[in-house]
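> Supplied structure: input_17.cif, mmCIF, C-alpha atoms and all ligand atoms.
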data_model
#
loop_
_atom_site.label_atom_id
_atom_site.label_comp_id
_atom_site.auth_asym_id
_atom_site.auth_seq_id
_atom_site.Cartn_x
_atom_site.Cartn_y
_atom_site.Cartn_z
CA MET H 1 133.26 29.55 55.03
CA ILE H 2 133.97 25.97 54.05
CA THR H 3 137.00 25.01 51.96
CA LEU H 4 136.60 21.89 49.82
CA TYR H 5 139.76 20.18 48.56
CA ALA H 6 138.50 18.85 45.27
CA ALA H 7 139.21 16.78 42.18
CA ASP H 8 136.97 15.72 39.31
CA SER H 9 135.78 12.57 41.05
CA PRO H 10 132.59 10.89 42.28
CA ASN H 11 133.55 11.16 45.94
CA VAL H 12 134.13 14.89 45.56
CA LEU H 13 130.90 15.33 43.59
CA LYS H 14 129.03 14.07 46.67
CA ILE H 15 130.28 17.03 48.66
CA TYR H 16 129.45 19.57 45.94
CA LEU H 17 125.93 18.10 45.81
CA ALA H 18 125.52 18.47 49.58
CA LEU H 19 126.99 21.99 49.75
CA GLU H 20 124.75 23.16 46.90
CA GLU H 21 121.61 21.55 48.37
CA MET H 22 122.34 23.04 51.78
CA GLY H 23 123.13 26.52 50.43
CA LEU H 24 126.41 26.69 52.37
CA GLU H 25 129.09 29.20 51.45
CA TYR H 26 132.20 27.42 50.17
CA ARG H 27 135.29 27.68 48.00
CA ALA H 28 137.09 24.86 46.23
CA ILE H 29 140.83 24.22 46.04
CA PRO H 30 141.79 21.80 43.24
CA VAL H 31 144.06 18.90 44.20
CA ASP H 32 145.72 17.42 41.12
CA VAL H 33 145.48 13.74 42.05
CA MET H 34 146.72 12.57 38.66
CA ALA H 35 149.88 14.62 39.22
CA GLY H 36 150.35 13.18 42.74
CA GLN H 37 149.52 16.44 44.57
CA ASN H 38 147.50 14.52 47.15
CA PHE H 39 150.78 13.04 48.44
CA SER H 40 152.27 16.45 49.23
CA PRO H 41 153.13 16.95 52.94
CA GLU H 42 150.69 19.91 53.10
CA PHE H 43 147.78 17.86 51.82
CA MET H 44 148.68 14.80 53.92
CA ARG H 45 148.50 16.96 57.04
CA LEU H 46 144.79 17.36 56.18
CA ASN H 47 144.27 13.69 55.27
CA PRO H 48 147.05 11.22 56.13
CA ASN H 49 145.35 8.76 53.74
CA ALA H 50 146.08 11.16 50.83
CA LYS H 51 142.58 11.23 49.34
CA VAL H 52 140.05 13.85 48.37
CA PRO H 53 137.55 15.07 49.39
CA VAL H 54 138.58 16.97 52.50
CA VAL H 55 136.72 19.93 53.94
CA VAL H 56 137.93 22.56 56.36
CA ASP H 57 135.12 24.44 58.09
CA GLU H 58 136.37 27.77 59.48
CA ASP H 59 133.28 27.82 61.66
CA GLY H 60 133.49 24.37 63.27
CA PRO H 61 131.19 23.17 66.09
CA THR H 62 133.40 24.65 68.85
CA GLY H 63 133.98 27.91 66.99
CA SER H 64 137.44 26.91 65.73
CA PRO H 65 138.26 25.41 62.30
CA LEU H 66 137.49 21.73 61.83
CA THR H 67 138.99 19.43 59.17
CA VAL H 68 136.96 16.40 58.02
CA PHE H 69 138.02 13.76 55.46
CA GLU H 70 136.21 10.66 54.07
CA SER H 71 133.18 11.65 52.03
CA GLY H 72 130.70 9.76 54.24
CA ALA H 73 132.00 11.53 57.35
CA VAL H 74 131.89 14.87 55.53
CA LEU H 75 128.26 14.29 54.47
CA ILE H 76 127.25 13.43 58.05
CA TYR H 77 129.15 16.46 59.33
CA LEU H 78 127.46 18.86 56.91
CA ALA H 79 124.03 17.30 57.53
CA GLU H 80 124.43 17.66 61.29
CA LYS H 81 125.78 21.19 60.96
CA THR H 82 122.78 22.36 58.95
CA GLY H 83 120.07 19.93 60.11
CA LYS H 84 119.42 19.26 56.42
CA LEU H 85 119.32 16.02 54.38
CA ILE H 86 119.26 13.77 57.45
CA PRO H 87 116.15 13.13 59.57
CA SER H 88 116.36 13.77 63.31
CA GLU H 89 113.91 11.00 64.23
CA ALA H 90 116.02 7.92 65.10
CA SER H 91 114.47 5.15 62.98
CA ARG H 92 114.40 7.34 59.84
CA ARG H 93 117.91 8.59 60.57
CA TYR H 94 119.30 5.06 60.74
CA GLN H 95 117.66 4.16 57.43
CA VAL H 96 119.58 7.03 55.86
CA LEU H 97 122.82 5.95 57.57
CA GLU H 98 122.32 2.32 56.48
CA TRP H 99 122.14 3.27 52.80
CA LEU H 100 124.95 5.77 53.18
CA MET H 101 127.12 2.93 54.54
CA VAL H 102 126.06 0.62 51.69
CA GLN H 103 127.49 3.19 49.31
CA MET H 104 130.65 3.81 51.32
CA SER H 105 131.49 0.15 51.98
CA GLY H 106 129.96 -1.49 48.88
CA LEU H 107 129.01 0.43 45.78
CA GLY H 108 131.98 2.86 45.78
CA PRO H 109 134.81 0.37 46.47
CA LEU H 110 133.33 -2.35 44.20
CA PHE H 111 132.78 0.03 41.28
CA GLY H 112 136.24 1.49 41.89
CA GLN H 113 137.88 -1.94 41.68
CA PHE H 114 135.82 -2.97 38.64
CA ILE H 115 136.78 0.25 36.80
CA HIS H 116 140.41 -0.22 37.75
CA PHE H 117 140.66 -3.79 36.41
CA HIS H 118 138.52 -2.95 33.38
CA LEU H 119 140.31 0.22 32.26
CA PHE H 120 143.70 0.53 33.90
CA ALA H 121 145.12 -2.93 34.70
CA PRO H 122 147.09 -5.05 32.24
CA ASP H 123 145.11 -7.86 30.54
CA GLY H 124 144.48 -11.17 32.26
CA ASN H 125 142.09 -10.11 35.03
CA ASP H 126 139.06 -12.25 34.28
CA TYR H 127 138.74 -13.41 37.89
CA ALA H 128 138.86 -9.85 39.28
CA LEU H 129 136.48 -8.52 36.61
CA SER H 130 133.97 -11.27 37.25
CA ARG H 131 134.21 -10.89 41.03
CA TYR H 132 133.80 -7.10 41.07
CA SER H 133 131.10 -7.08 38.42
CA THR H 134 129.10 -9.74 40.30
CA LEU H 135 129.44 -8.05 43.69
CA ALA H 136 128.66 -4.61 42.21
CA HIS H 137 125.49 -6.01 40.62
CA ARG H 138 124.48 -7.50 43.97
CA VAL H 139 124.59 -4.00 45.52
CA ILE H 140 122.82 -2.41 42.53
CA GLY H 141 120.12 -5.08 42.87
CA ALA H 142 119.69 -4.08 46.52
CA LEU H 143 119.30 -0.42 45.50
CA GLU H 144 116.70 -1.42 42.89
CA THR H 145 114.72 -3.35 45.52
CA ARG H 146 114.92 -0.44 47.95
CA LEU H 147 113.77 2.05 45.32
CA SER H 148 110.78 -0.12 44.46
CA GLU H 149 109.55 0.24 48.05
CA ALA H 150 110.61 3.85 48.81
CA GLU H 151 110.96 7.01 46.75
CA TRP H 152 114.43 7.76 48.14
CA LEU H 153 117.08 5.48 49.61
CA GLY H 154 116.50 6.76 53.14
CA GLY H 155 112.69 6.63 52.81
CA CYS H 156 110.36 9.49 51.94
CA ASP H 157 112.89 12.35 51.73
CA TYR H 158 115.97 13.10 49.62
CA SER H 159 118.99 12.64 51.92
CA VAL H 160 122.75 12.25 52.15
CA ALA H 161 122.26 8.55 51.26
CA ASP H 162 120.98 9.54 47.80
CA ILE H 163 123.72 12.15 47.47
CA ALA H 164 126.43 9.58 48.25
CA THR H 165 125.05 7.07 45.76
CA PHE H 166 124.17 9.29 42.79
CA PRO H 167 127.75 10.00 41.57
CA TRP H 168 128.57 6.27 41.47
CA ALA H 169 125.26 5.06 40.01
CA ARG H 170 125.12 7.81 37.35
CA PRO H 171 127.70 6.23 34.98
CA LEU H 172 126.16 2.74 35.38
CA SER H 173 125.48 2.18 31.67
CA ARG H 174 128.90 3.58 30.72
CA ILE H 175 130.55 1.09 33.08
CA PHE H 176 128.42 -2.02 32.50
CA GLY H 177 126.86 -1.34 29.08
CA PRO H 178 123.45 0.16 28.07
CA GLY H 179 121.67 -3.17 28.79
CA VAL H 180 121.69 -2.39 32.53
CA GLU H 181 119.14 0.40 32.10
CA ALA H 182 116.34 -2.11 31.42
CA GLU H 183 117.50 -4.26 34.34
CA TYR H 184 117.20 -1.47 36.90
CA PRO H 185 114.20 0.73 35.95
CA ARG H 186 113.58 2.16 39.45
CA LEU H 187 117.22 3.14 39.75
CA MET H 188 117.03 4.91 36.38
CA GLU H 189 113.94 6.89 37.46
CA TRP H 190 115.66 7.82 40.72
CA LEU H 191 118.78 8.98 38.81
CA ALA H 192 116.60 11.16 36.57
CA ARG H 193 114.85 12.73 39.60
CA ILE H 194 118.21 13.66 41.13
CA ALA H 195 119.65 14.91 37.83
CA ALA H 196 116.66 17.28 37.50
CA ARG H 197 117.37 19.06 40.82
CA PRO H 198 118.84 22.58 40.35
CA ALA H 199 121.51 21.92 43.00
CA THR H 200 122.65 18.86 41.02
CA GLY H 201 123.15 20.99 37.90
CA ARG H 202 125.29 23.47 39.85
CA ALA H 203 127.33 20.68 41.48
CA LEU H 204 128.01 18.93 38.17
CA ALA H 205 129.15 22.22 36.61
CA ALA H 206 131.45 22.89 39.57
CA VAL H 207 133.13 19.47 39.42
CA GLU H 208 133.54 19.82 35.66
CA GLU H 209 135.33 23.10 36.23
CA ILE H 210 137.72 21.34 38.65
CA GLY H 211 138.32 18.78 35.89
CA ARG H 212 139.47 21.57 33.57
CA LEU H 213 141.99 22.71 36.18
CA THR H 214 143.51 19.28 36.90
CA THR H 215 145.13 16.42 34.98
CA ALA H 216 142.79 13.85 33.39
CA PRO H 217 143.72 10.15 33.91
CA GLY H 218 144.49 9.87 30.16
CA GLU H 219 147.04 12.71 30.44
CA ALA H 220 148.77 11.48 33.62
CA SER H 221 152.43 10.45 33.47
CA PRO H 222 153.22 6.73 33.92
CA GLU H 223 154.98 7.65 37.18
CA ALA H 224 151.90 9.47 38.56
CA LEU H 225 149.61 6.59 37.57
CA ASP H 226 151.92 4.12 39.34
CA LEU H 227 151.79 6.30 42.47
CA VAL H 228 147.98 6.54 42.50
CA PHE H 229 147.46 2.87 41.63
CA GLY H 230 150.20 1.57 43.95
CA ARG H 231 152.20 -0.29 41.35
CA GLY H 232 155.63 -0.30 39.66
CA THR H 233 158.22 1.31 41.94
CA HIS H 234 155.34 2.31 44.27
CA ALA H 235 154.16 -1.26 44.88
CA TYR H 236 154.48 -2.49 48.45
CA ALA H 237 157.30 -5.04 48.47
CA ARG H 238 157.88 -7.50 51.28
CA ALA H 239 161.52 -8.23 52.10
N1 LIG O 301 136.58 6.44 50.97
C1 LIG O 301 137.10 7.69 50.47
C2 LIG O 301 137.60 7.48 49.07
C3 LIG O 301 138.19 8.75 48.49
C4 LIG O 301 138.90 8.49 47.19
O1 LIG O 301 139.12 7.35 46.78
N2 LIG O 301 139.29 9.59 46.55
C5 LIG O 301 140.00 9.47 45.32
C6 LIG O 301 139.36 10.38 44.29
S1 LIG O 301 137.67 9.79 44.05
C7 LIG O 301 141.44 9.89 45.54
O2 LIG O 301 141.71 10.87 46.22
N3 LIG O 301 142.37 9.10 45.01
C8 LIG O 301 143.75 9.37 45.08
C9 LIG O 301 144.56 8.23 45.62
O3 LIG O 301 143.99 7.26 46.12
O4 LIG O 301 145.78 8.32 45.50
C10 LIG O 301 135.99 8.75 50.51
O5 LIG O 301 134.84 8.35 50.30
O6 LIG O 301 136.30 9.92 50.72
#
Spit out the file's structure as structure tokens when you get a sec.
Ligand SMILES: N[C@@H](CCC(=O)N[C@@H](CS)C(=O)NCC(=O)O)C(=O)O

Amino acid sequence: MITLYAADSPNVLKIYLALEEMGLEYRAIPVDVMAGQNFSPEFMRLNPNAKVPVVVDEDGPTGSPLTVFESGAVLIYLAEKTGKLIPSEASRRYQVLEWLMVQMSGLGPLFGQFIHFHLFAPDGNDYALSRYSTLAHRVIGALETRLSEAEWLGGCDYSVADIATFPWARPLSRIFGPGVEAEYPRLMEWLARIAARPATGRALAAVEEIGRLTTAPGEASPEALDLVFGRGTHAYARA
């Protein structure tokens, strides 16, 4: 049995998508990030960086429980455990890992920063908004190019690279405006193919359910928002 520490978030959705595709038995424990629960000592023993997702696999590779945090590491762990959604042949495997890393190091952090400065920061962030929008579009452009030469990001098969990217690319037009749909037609077709998979429907329903059990960003207290965003009394201050 796998335990997934979950919130209503794109990085957690990745893990639901993988678990559902792989048919693994799991249970989810909600972590109320917008109430600061991820900073509890219990949770920080699982992930000292205080972020979801985290999984605990009771049946780890050596027979004892194994804890894994960071969504990219969790996806690789689950893929290797099941032999699913990652090719075993080396050159195909590295194509999957390349695009998985593009999501982990590029798309996710850049979208995250753009959303932060767009929705949550005080006014006066034109430089940050322009920088993160430009760099995010550079990565989206790379995805569009890739998807015009291959059906899936890793090549000919659906893989953990697609799973990592889908939750971040899905709200593209909500983040950057409906005009982006015409700019990235291959990406839009790829999103529709993933959305039509039965496992995707189950994963989206599961993460929505977690959302009902936890605090939405709009309902969070100013203190909790400061904690999550590292500002106010929680800002790092040099002496
Ligand atoms: N690189 C990490 C990012 C995880 C992450 O940012 N998780 C968010 C939810 S999507 C979180 O736990 N935020 C709480 C915080 O940073 O305080 C991963 O991919 O797992």
> Please return as a PyMOL selection string the residues found within 10 Å of ligand LIG 301 (chain O), counting only C-alpha atoms and all ligand atoms.
chain H and resi 5-15+31-39+47+49-54+68-75+103-105+108-109+112+164+224-230
> What does the file look like for those residues with C-alpha atoms, as a tab-separated table (two decimals), in the coordinates of the input?

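File written: out_26.tsv
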chain	number	residue	atom	x	y	z
H	5	TYR	CA	139.76	20.18	48.56
H	6	ALA	CA	138.50	18.85	45.27
H	7	ALA	CA	139.21	16.78	42.18
H	8	ASP	CA	136.97	15.72	39.31
H	9	SER	CA	135.78	12.57	41.05
H	10	PRO	CA	132.59	10.89	42.28
H	11	ASN	CA	133.55	11.16	45.94
H	12	VAL	CA	134.13	14.89	45.56
H	13	LEU	CA	130.90	15.33	43.59
H	14	LYS	CA	129.03	14.07	46.67
H	15	ILE	CA	130.28	17.03	48.66
H	31	VAL	CA	144.06	18.90	44.20
H	32	ASP	CA	145.72	17.42	41.12
H	33	VAL	CA	145.48	13.74	42.05
H	34	MET	CA	146.72	12.57	38.66
H	35	ALA	CA	149.88	14.62	39.22
H	36	GLY	CA	150.35	13.18	42.74
H	37	GLN	CA	149.52	16.44	44.57
H	38	ASN	CA	147.50	14.52	47.15
H	39	PHE	CA	150.78	13.04	48.44
H	47	ASN	CA	144.27	13.69	55.27
H	49	ASN	CA	145.35	8.76	53.74
H	50	ALA	CA	146.08	11.16	50.83
H	51	LYS	CA	142.58	11.23	49.34
H	52	VAL	CA	140.05	13.85	48.37
H	53	PRO	CA	137.55	15.07	49.39
H	54	VAL	CA	138.58	16.97	52.50
H	68	VAL	CA	136.96	16.40	58.02
H	69	PHE	CA	138.02	13.76	55.46
H	70	GLU	CA	136.21	10.66	54.07
H	71	SER	CA	133.18	11.65	52.03
H	72	GLY	CA	130.70	9.76	54.24
H	73	ALA	CA	132.00	11.53	57.35
H	74	VAL	CA	131.89	14.87	55.53
H	75	LEU	CA	128.26	14.29	54.47
H	103	GLN	CA	127.49	3.19	49.31
H	104	MET	CA	130.65	3.81	51.32
H	105	SER	CA	131.49	0.15	51.98
H	108	GLY	CA	131.98	2.86	45.78
H	109	PRO	CA	134.81	0.37	46.47
H	112	GLY	CA	136.24	1.49	41.89
H	164	ALA	CA	126.43	9.58	48.25
H	224	ALA	CA	151.90	9.47	38.56
H	225	LEU	CA	149.61	6.59	37.57
H	226	ASP	CA	151.92	4.12	39.34
H	227	LEU	CA	151.79	6.30	42.47
H	228	VAL	CA	147.98	6.54	42.50
H	229	PHE	CA	147.46	2.87	41.63
H	230	GLY	CA	150.20	1.57	43.95
> What does the structure give for the distance between CA of Gly232 in chain H and CA of Pro171 in chain H, in Å to one decimal?
29.1 Å
> So, with only C-alpha atoms as the atoms that count, which of H:Met1, H:Leu17, H:Ala28, H:Leu119 lies closest to Ala199 in chain H?
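Smallest distance to Ala199 in chain H is found for H:Leu17.
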> Which residues are close to range 146-158 of chain H, i.e. within 10 Å by all atoms listed in the file, leaving aside same-chain residues fewer than 5 positions away? Reply as a compact mmCIF listing (two decimals) with C-alpha atoms, in the coordinates of the input.

# COMPACT_ATOMS: atom_id res chain seq x y z
CA LYS H 84 119.42 19.26 56.42
CA LEU H 85 119.32 16.02 54.38
CA ILE H 86 119.26 13.77 57.45
CA PRO H 87 116.15 13.13 59.57
CA ARG H 92 114.40 7.34 59.84
CA ARG H 93 117.91 8.59 60.57
CA TYR H 94 119.30 5.06 60.74
CA GLN H 95 117.66 4.16 57.43
CA VAL H 96 119.58 7.03 55.86
CA LEU H 97 122.82 5.95 57.57
CA GLU H 98 122.32 2.32 56.48
CA TRP H 99 122.14 3.27 52.80
CA LEU H 100 124.95 5.77 53.18
CA ILE H 140 122.82 -2.41 42.53
CA GLY H 141 120.12 -5.08 42.87
CA ILE H 163 123.72 12.15 47.47
CA THR H 165 125.05 7.07 45.76
CA TYR H 184 117.20 -1.47 36.90
CA PRO H 185 114.20 0.73 35.95
CA ARG H 186 113.58 2.16 39.45
CA LEU H 187 117.22 3.14 39.75
CA MET H 188 117.03 4.91 36.38
CA GLU H 189 113.94 6.89 37.46
CA TRP H 190 115.66 7.82 40.72
CA ARG H 193 114.85 12.73 39.60
CA ILE H 194 118.21 13.66 41.13
> When distances are computed from only C-alpha atoms, which of H:Glu223, H:Leu204, H:Glu20, H:Trp168 shows the smallest separation from Ala235 in chain H?
H:Glu223
